[in-house]
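Asks: Structure: entry_32.tsv, TSV, C-alpha atoms.
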```tsv
chain	number	residue	atom	x	y	z
R	985	MET	CA	30.91	16.93	10.17
R	986	THR	CA	29.97	13.58	11.69
R	987	ARG	CA	26.42	14.14	10.49
R	988	TYR	CA	27.48	14.34	6.83
R	989	LEU	CA	29.86	11.39	7.10
R	990	SER	CA	26.92	9.21	8.14
R	991	ILE	CA	25.35	9.54	4.66
R	992	LEU	CA	28.48	8.54	2.76
R	993	PRO	CA	27.47	4.85	2.46
R	994	LEU	CA	24.37	5.93	0.54
R	995	LEU	CA	26.17	8.50	-1.61
R	996	THR	CA	28.88	6.07	-2.68
R	997	LEU	CA	26.23	3.89	-4.34
R	998	PHE	CA	25.79	6.66	-6.92
R	999	LEU	CA	29.34	5.92	-8.07
R	1000	LEU	CA	28.71	2.28	-9.00
R	1001	PRO	CA	29.94	1.74	-12.57
R	1002	ALA	CA	27.09	1.53	-15.05
R	1003	GLY	CA	29.03	-1.06	-16.98
R	1004	ALA	CA	28.54	-3.57	-14.17
R	1005	PHE	CA	25.07	-4.35	-15.50
R	1006	ALA	CA	23.68	-5.38	-18.88
R	1007	GLN	CA	21.34	-2.46	-19.16
R	1008	ARG	CA	19.44	-0.05	-21.37
R	1009	GLY	CA	19.23	3.64	-20.69
R	1010	PRO	CA	19.25	5.92	-19.10
R	1011	TYR	CA	15.80	7.36	-19.53
R	1012	TRP	CA	15.59	11.04	-18.52
R	1013	MET	CA	12.44	11.94	-16.62
R	1014	TRP	CA	10.82	14.70	-14.58
R	1015	GLU	CA	8.09	14.18	-11.99
R	1016	PRO	CA	6.47	17.19	-10.30
R	1017	GLU	CA	4.32	16.38	-7.27
R	1018	PHE	CA	1.90	18.18	-4.96
R	1019	SER	CA	1.16	16.75	-1.50
R	1020	TYR	CA	-1.49	17.88	0.99
R	1021	THR	CA	-1.77	16.56	4.55
R	1022	GLN	CA	-4.61	17.28	6.97
R	1023	LYS	CA	-4.50	16.36	10.66
R	1024	LEU	CA	-7.66	14.65	11.90
R	1025	GLY	CA	-6.96	14.71	15.63
R	1026	LYS	CA	-4.06	13.69	17.84
R	1027	ARG	CA	-3.39	10.36	16.12
R	1028	TRP	CA	-5.02	10.45	12.68
R	1029	SER	CA	-4.08	12.30	9.50
R	1030	ALA	CA	-5.09	12.15	5.83
R	1031	ASN	CA	-2.86	12.79	2.83
R	1032	GLY	CA	-3.45	13.27	-0.88
R	1033	LYS	CA	-0.82	13.42	-3.64
R	1034	LEU	CA	-0.88	14.31	-7.32
R	1035	ALA	CA	2.10	13.46	-9.57
R	1036	VAL	CA	2.75	13.66	-13.32
R	1037	GLN	CA	5.68	11.69	-14.77
R	1038	GLN	CA	7.22	12.80	-18.07
R	1039	THR	CA	9.97	11.28	-20.22
R	1040	PHE	CA	12.27	13.39	-22.41
R	1041	ASN	CA	14.08	10.60	-24.22
R	1042	GLU	CA	13.60	6.90	-24.93
R	1043	PRO	CA	16.72	4.71	-25.29
R	1044	SER	CA	16.94	2.45	-28.32
R	1045	GLY	CA	19.50	0.08	-29.83
R	1046	GLU	CA	21.18	3.01	-31.56
R	1047	GLY	CA	21.26	5.19	-28.43
R	1048	ALA	CA	18.95	7.66	-26.72
R	1049	ALA	CA	16.43	9.27	-29.05
R	1050	SER	CA	14.51	12.40	-28.11
R	1051	LYS	CA	10.90	11.51	-27.49
R	1052	TYR	CA	8.76	13.48	-25.06
R	1053	GLN	CA	5.80	11.71	-23.54
R	1054	VAL	CA	3.59	11.89	-20.47
R	1055	ASN	CA	3.99	8.49	-18.86
R	1056	TYR	CA	1.29	8.78	-16.24
R	1057	THR	CA	-0.76	10.95	-13.93
R	1058	MET	CA	-1.28	9.43	-10.50
R	1059	VAL	CA	-3.52	10.32	-7.57
R	1060	GLN	CA	-2.72	8.80	-4.17
R	1061	LEU	CA	-4.82	8.87	-1.00
R	1062	PHE	CA	-3.51	7.82	2.42
R	1063	GLY	CA	-4.81	7.52	5.97
R	1064	THR	CA	-2.21	7.40	8.76
R	1065	TYR	CA	-2.53	6.39	12.41
R	1066	ASN	CA	0.23	7.23	14.91
R	1067	LEU	CA	0.63	4.08	16.99
R	1068	ARG	CA	3.11	5.86	19.28
R	1069	PRO	CA	5.72	8.65	18.88
R	1070	GLY	CA	7.84	7.77	15.84
R	1071	THR	CA	5.72	4.80	14.67
R	1072	GLN	CA	3.06	5.22	11.99
R	1073	LEU	CA	0.68	2.76	10.33
R	1074	THR	CA	-0.69	3.81	6.94
R	1075	GLY	CA	-3.18	2.48	4.41
R	1076	GLY	CA	-3.58	3.91	0.93
R	1077	TYR	CA	-5.08	3.74	-2.53
R	1078	ALA	CA	-3.70	5.05	-5.84
R	1079	PHE	CA	-5.21	5.47	-9.27
R	1080	ARG	CA	-2.98	5.96	-12.29
R	1081	PHE	CA	-3.60	6.87	-15.93
R	1082	ASN	CA	-0.77	5.50	-18.12
R	1083	ASP	CA	0.35	6.90	-21.50
R	1084	LEU	CA	-2.03	9.84	-21.49
R	1085	LEU	CA	-1.16	10.82	-25.07
R	1086	ASP	CA	-2.29	7.39	-26.26
R	1087	PRO	CA	-5.89	7.22	-27.58
R	1088	GLU	CA	-6.54	4.34	-25.16
R	1089	PRO	CA	-4.49	5.05	-22.00
R	1090	GLY	CA	-3.93	2.21	-19.57
R	1091	ARG	CA	-5.21	2.33	-16.00
R	1092	GLU	CA	-3.76	1.03	-12.78
R	1093	HIS	CA	-5.17	0.65	-9.26
R	1094	ARG	CA	-2.95	0.17	-6.21
R	1095	ILE	CA	-3.73	-0.81	-2.64
R	1096	MET	CA	-0.96	-0.01	-0.15
R	1097	GLU	CA	-0.08	-0.96	3.44
R	1098	GLN	CA	2.79	0.82	5.14
R	1099	LEU	CA	4.70	0.89	8.43
R	1100	THR	CA	7.10	3.77	9.21
R	1101	PHE	CA	9.63	4.22	12.02
R	1102	LEU	CA	11.03	7.71	12.65
R	1103	VAL	CA	13.96	8.75	14.86
R	1104	TYR	CA	15.48	12.20	15.34
R	1105	PRO	CA	19.13	11.92	16.44
R	1106	GLY	CA	20.88	15.25	16.96
R	1107	GLY	CA	18.38	17.37	15.05
R	1108	THR	CA	18.38	15.07	12.01
R	1109	ARG	CA	15.68	12.65	10.89
R	1110	ILE	CA	15.99	8.99	9.89
R	1111	ALA	CA	12.92	7.28	8.43
R	1112	ASN	CA	12.57	3.55	7.83
R	1113	ARG	CA	9.56	2.72	5.65
R	1114	PHE	CA	8.17	-0.74	4.87
R	1115	ARG	CA	5.44	-0.86	2.22
R	1116	ALA	CA	3.44	-3.62	0.52
R	1117	GLU	CA	1.49	-2.92	-2.69
R	1118	GLN	CA	-1.05	-4.83	-4.72
R	1119	ARG	CA	-1.10	-3.46	-8.28
R	1120	PHE	CA	-3.95	-4.07	-10.72
R	1121	GLU	CA	-3.22	-2.90	-14.27
R	1122	ASP	CA	-5.75	-3.75	-16.99
R	1123	ALA	CA	-5.87	-7.58	-16.86
R	1124	SER	CA	-2.62	-8.07	-14.89
R	1125	PHE	CA	-1.82	-8.24	-11.17
R	1126	ILE	CA	1.49	-7.99	-9.33
R	1127	ASN	CA	2.65	-7.74	-5.71
R	1128	ARG	CA	5.42	-5.40	-4.69
R	1129	TRP	CA	7.41	-5.14	-1.45
R	1130	ARG	CA	9.38	-1.97	-0.75
R	1131	TYR	CA	11.87	-0.87	1.92
R	1132	ARG	CA	13.25	2.67	2.04
R	1133	ILE	CA	15.65	4.38	4.43
R	1134	ALA	CA	15.82	8.19	4.27
R	1135	TYR	CA	18.07	10.67	6.06
R	1136	GLU	CA	17.39	14.40	6.46
R	1137	THR	CA	19.66	17.00	8.02
R	1138	PRO	CA	19.69	20.82	8.21
R	1139	LEU	CA	22.29	22.50	6.02
R	1140	ARG	CA	22.93	25.07	8.75
R	1141	GLY	CA	22.90	24.72	12.51
R	1142	ASP	CA	21.78	21.88	14.73
R	1143	ARG	CA	18.07	22.06	13.93
R	1144	LEU	CA	15.84	23.03	11.04
R	1145	ASP	CA	14.22	26.45	11.47
R	1146	PRO	CA	11.70	28.19	9.18
R	1147	GLY	CA	13.38	29.73	6.16
R	1148	GLU	CA	16.30	27.27	6.14
R	1149	GLN	CA	17.36	24.49	3.77
R	1150	TYR	CA	17.92	20.80	4.42
R	1151	LEU	CA	19.61	17.88	2.68
R	1152	ILE	CA	17.77	14.60	2.09
R	1153	THR	CA	19.15	11.32	0.78
R	1154	SER	CA	17.48	7.92	0.54
R	1155	ASN	CA	17.80	4.43	-0.84
R	1156	GLU	CA	14.87	2.13	-1.64
R	1157	VAL	CA	14.88	-1.55	-2.54
R	1158	LEU	CA	11.85	-3.06	-4.32
R	1159	PHE	CA	10.83	-6.63	-5.12
R	1160	SER	CA	7.92	-7.34	-7.51
R	1161	PHE	CA	6.38	-10.74	-8.14
R	1162	ASN	CA	3.35	-12.73	-9.25
R	1163	ALA	CA	2.78	-16.30	-10.40
R	1164	HIS	CA	4.72	-15.73	-13.64
R	1165	GLU	CA	7.60	-13.33	-12.94
R	1166	ARG	CA	9.93	-11.91	-10.29
R	1167	PHE	CA	12.23	-8.91	-10.53
R	1168	GLY	CA	13.81	-6.22	-8.36
R	1169	ALA	CA	14.68	-2.55	-8.48
R	1170	ASN	CA	16.77	-0.03	-6.58
R	1171	ARG	CA	16.21	3.72	-6.22
R	1172	LEU	CA	18.81	6.20	-4.97
R	1173	TYR	CA	17.80	9.78	-4.26
R	1174	LEU	CA	19.61	13.01	-3.33
R	1175	GLY	CA	17.77	16.29	-2.88
R	1176	VAL	CA	17.60	19.70	-1.24
R	1177	GLY	CA	14.56	21.08	0.58
R	1178	TRP	CA	13.37	24.53	1.52
R	1179	TYR	CA	11.53	24.58	4.84
R	1180	PHE	CA	9.33	27.66	4.79
R	1181	SER	CA	7.24	26.82	7.87
R	1182	LYS	CA	5.54	23.87	9.59
R	1183	GLU	CA	2.85	24.11	6.92
R	1184	ARG	CA	4.93	24.48	3.75
R	1185	LYS	CA	8.09	23.07	2.22
R	1186	LEU	CA	9.56	22.46	-1.24
R	1187	GLU	CA	11.96	19.73	-2.37
R	1188	ALA	CA	13.99	19.27	-5.55
R	1189	GLY	CA	16.28	16.36	-6.27
R	1190	VAL	CA	17.54	13.67	-8.59
R	1191	GLN	CA	16.88	9.93	-8.42
R	1192	TYR	CA	18.81	7.11	-10.06
R	1193	ARG	CA	16.70	4.03	-10.77
R	1194	LEU	CA	17.93	0.57	-11.64
R	1195	ASN	CA	14.93	-1.46	-12.82
R	1196	ASP	CA	14.19	-5.05	-13.86
R	1197	ILE	CA	17.00	-6.58	-11.79
R	1198	GLY	CA	17.10	-10.34	-12.29
R	1199	THR	CA	15.50	-10.32	-15.74
R	1200	GLY	CA	18.72	-10.05	-17.78
R	1201	LYS	CA	17.49	-6.78	-19.32
R	1202	THR	CA	18.29	-4.21	-16.65
R	1203	GLU	CA	17.07	-0.68	-17.35
R	1204	THR	CA	18.24	2.62	-15.87
R	1205	ALA	CA	16.47	5.95	-15.44
R	1206	ILE	CA	17.42	9.39	-14.16
R	1207	TRP	CA	14.49	11.18	-12.52
R	1208	PHE	CA	14.41	14.85	-11.66
R	1209	THR	CA	11.78	15.50	-9.03
R	1210	THR	CA	10.11	18.56	-7.54
R	1211	ALA	CA	7.58	18.30	-4.72
R	1212	TYR	CA	5.57	20.92	-2.85
R	1213	TYR	CA	4.19	19.91	0.56
R	1214	LEU	CA	1.28	21.63	2.30
R	1215	ASN	CA	0.38	20.52	5.86
R	1216	ARG	CA	-2.60	21.63	7.92
```
Have the structure of the file written as C-alpha cells, please.

Replies:
Amino acid sequence: MTRYLSILPLLTLFLLPAGAFAQRGPYWMWEPEFSYTQKLGKRWSANGKLAVQQTFNEPSGEGAASKYQVNYTMVQLFGTYNLRPGTQLTGGYAFRFNDLLDPEPGREHRIMEQLTFLVYPGGTRIANRFRAEQRFEDASFINRWRYRIAYETPLRGDRLDPGEQYLITSNEVLFSFNAHERFGANRLYLGVGWYFSKERKLEAGVQYRLNDIGTGKTETAIWFTTAYYLNR
C-alpha cells in the first residue's frame, strides 16, 4: 500500500482544473512506438526508436473539429554508457519528418545529451532523467532542457516476474528557448506495461500535455501511447 501512496503527488496533478489556464484544446493524439536495444558489452548499449504521431482532432475557435493528420514520423538513435550501476550517460540523434500528408513536409534534426539516475527501492524503479536537446527545423534553431521523473512498480507481488504487469507514472518539465522566444511545457503520463521477458515488453498509457507555458496561449493535448520494447 505504501508503494502506491508514493505516486499520489504525481497523480493529483492530473486533477488540476483546466480552467486555471488560458488554453486551447485539447488535441487528441495517438503515438505508436517501436524500440530496439542491443547490448555492446558490459558498459555500452545502442538503441533505436521509431514513432509515428497522429492527430484525430484540431481545436478551433468554435471547438474541436475532426481532422485526422499524421503529424510526424521520427527515428531516434542513442548510444549509452553505464558510468556505474544506476548511472547512465547517453548521446543521441533524431530525424523527424513533419506533416507527412503535406506536399512539402518539414524536417527536423535533433542532437541530444542525457544523464539518467536509476534506483530500485523495494522492487520498484525510480528514474531521474536530465536531457538537453538542440533542435534544427528548416531555418530555425531552438534549445530545450528536459527533466523527467518516472516511477514503476509491479501490480502483483514484490518484484516484477515474466508474464506480469506493472504500473508506470511520470512527470516531465521542459523549457525551450532561443534568442527570440522562451516557453515551457509539462507532461504527465500514466500507463500499464506487460513484462513478457527480459527481452520483450509492451506499454500502453495516456499522457496529458500542457504546452506553450509563458506565451499567453497555452495549449493542451491528450496523447494515447503504445510502445513495444525489444532488448537483446

Asks: Suppose you want the space between atom CA of Arg1193 of chain R and atom CA of Phe1101 of chain R; what is it in Å?

Replies: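 Between atom CA of Arg1193 of chain R and atom CA of Phe1101 of chain R the gap works out to 23.9 Å.
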
Asks: Using 6 Å as the limit and counting all atoms listed in the file, can you tabulate each residue of segment 1093-1206 of chain R that touches segment 1058-1072 of chain R, with its shortest atom-to-atom distance in Å and the two atoms involved, as a tab-separated table?

Replies:
```
residue	atom	partner	partner_atom	distance
R:Leu1099	CA	R:Gln1072	CA	5.8
R:Thr1100	CA	R:Gln1072	CA	5.1
R:Phe1101	CA	R:Thr1071	CA	4.8
R:Leu1102	CA	R:Gly1070	CA	4.5
```

Asks: Atom CA of Trp1028 of chain R to atom CA of Pro1138 of chain R: how many Å, to one decimal?

Replies: 27.2 Å

Asks: Under the rule that all atoms listed in the file are counted, which of R:Glu1097, R:Asp1196, R:Glu1015, R:Glu1121 is the nearest residue to Val1157 of chain R?

Replies: R:Asp1196

Asks: Could you give me, as JSON lines, every segment 1131-1203 of chain R residue with an atom at most 6 Å from segment 1213-1216 of chain R, plus its closest atom pair and distance in Å to one decimal, counting all atoms listed in the file, rows ordered by chain then number?

Replies:
```
{"residue": "R:Glu1183", "atom": "CA", "partner": "R:Asn1215", "partner_atom": "CA", "distance": 4.5}
{"residue": "R:Arg1184", "atom": "CA", "partner": "R:Leu1214", "partner_atom": "CA", "distance": 4.9}
{"residue": "R:Lys1185", "atom": "CA", "partner": "R:Tyr1213", "partner_atom": "CA", "distance": 5.3}
```

Asks: With all atoms listed in the file as the atoms that count, which of R:Ile1110, R:Leu1151, R:Leu1174, R:Leu1186 lies nearest to Trp1207 of chain R?

Replies: R:Leu1174

Asks: List the spatial neighbours of Ala1123 of chain R as a PyMOL selection string - criterion: any atom at most 12 Å away, all atoms listed in the file, same-chain residues fewer than 6 positions off excluded.

Replies: chain R and resi 1090-1093

Asks: Could you write those residues out with C-alpha atoms, as a PDB file, in the frame of the given file?

Replies:
```
ATOM      1  CA  GLY R1090      -3.930   2.210 -19.570  1.00  0.00           C
ATOM      2  CA  ARG R1091      -5.210   2.330 -16.000  1.00  0.00           C
ATOM      3  CA  GLU R1092      -3.760   1.030 -12.780  1.00  0.00           C
ATOM      4  CA  HIS R1093      -5.170   0.650  -9.260  1.00  0.00           C
TER       5      HIS R1093
END
```

Asks: Could you check which of R:Phe1079, R:Tyr1192, R:Phe1125, R:Phe1040 is closest to Ala1205 of chain R, using all atoms listed in the file?

Replies: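 Result for the nearest residue to Ala1205 of chain R: R:Tyr1192.
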
Asks: So that all listed atoms of segment 1140-1157 of chain R fit with 3 Å spare on each side, what axis-aligned box centre and edge lengths in Å, to one decimal, would you give as lines of an AutoDock Vina configuration file?

Replies:
```
center_x = 17.3
center_y = 14.1
center_z = 6.1
size_x = 17.2
size_y = 37.3
size_z = 23.3
```
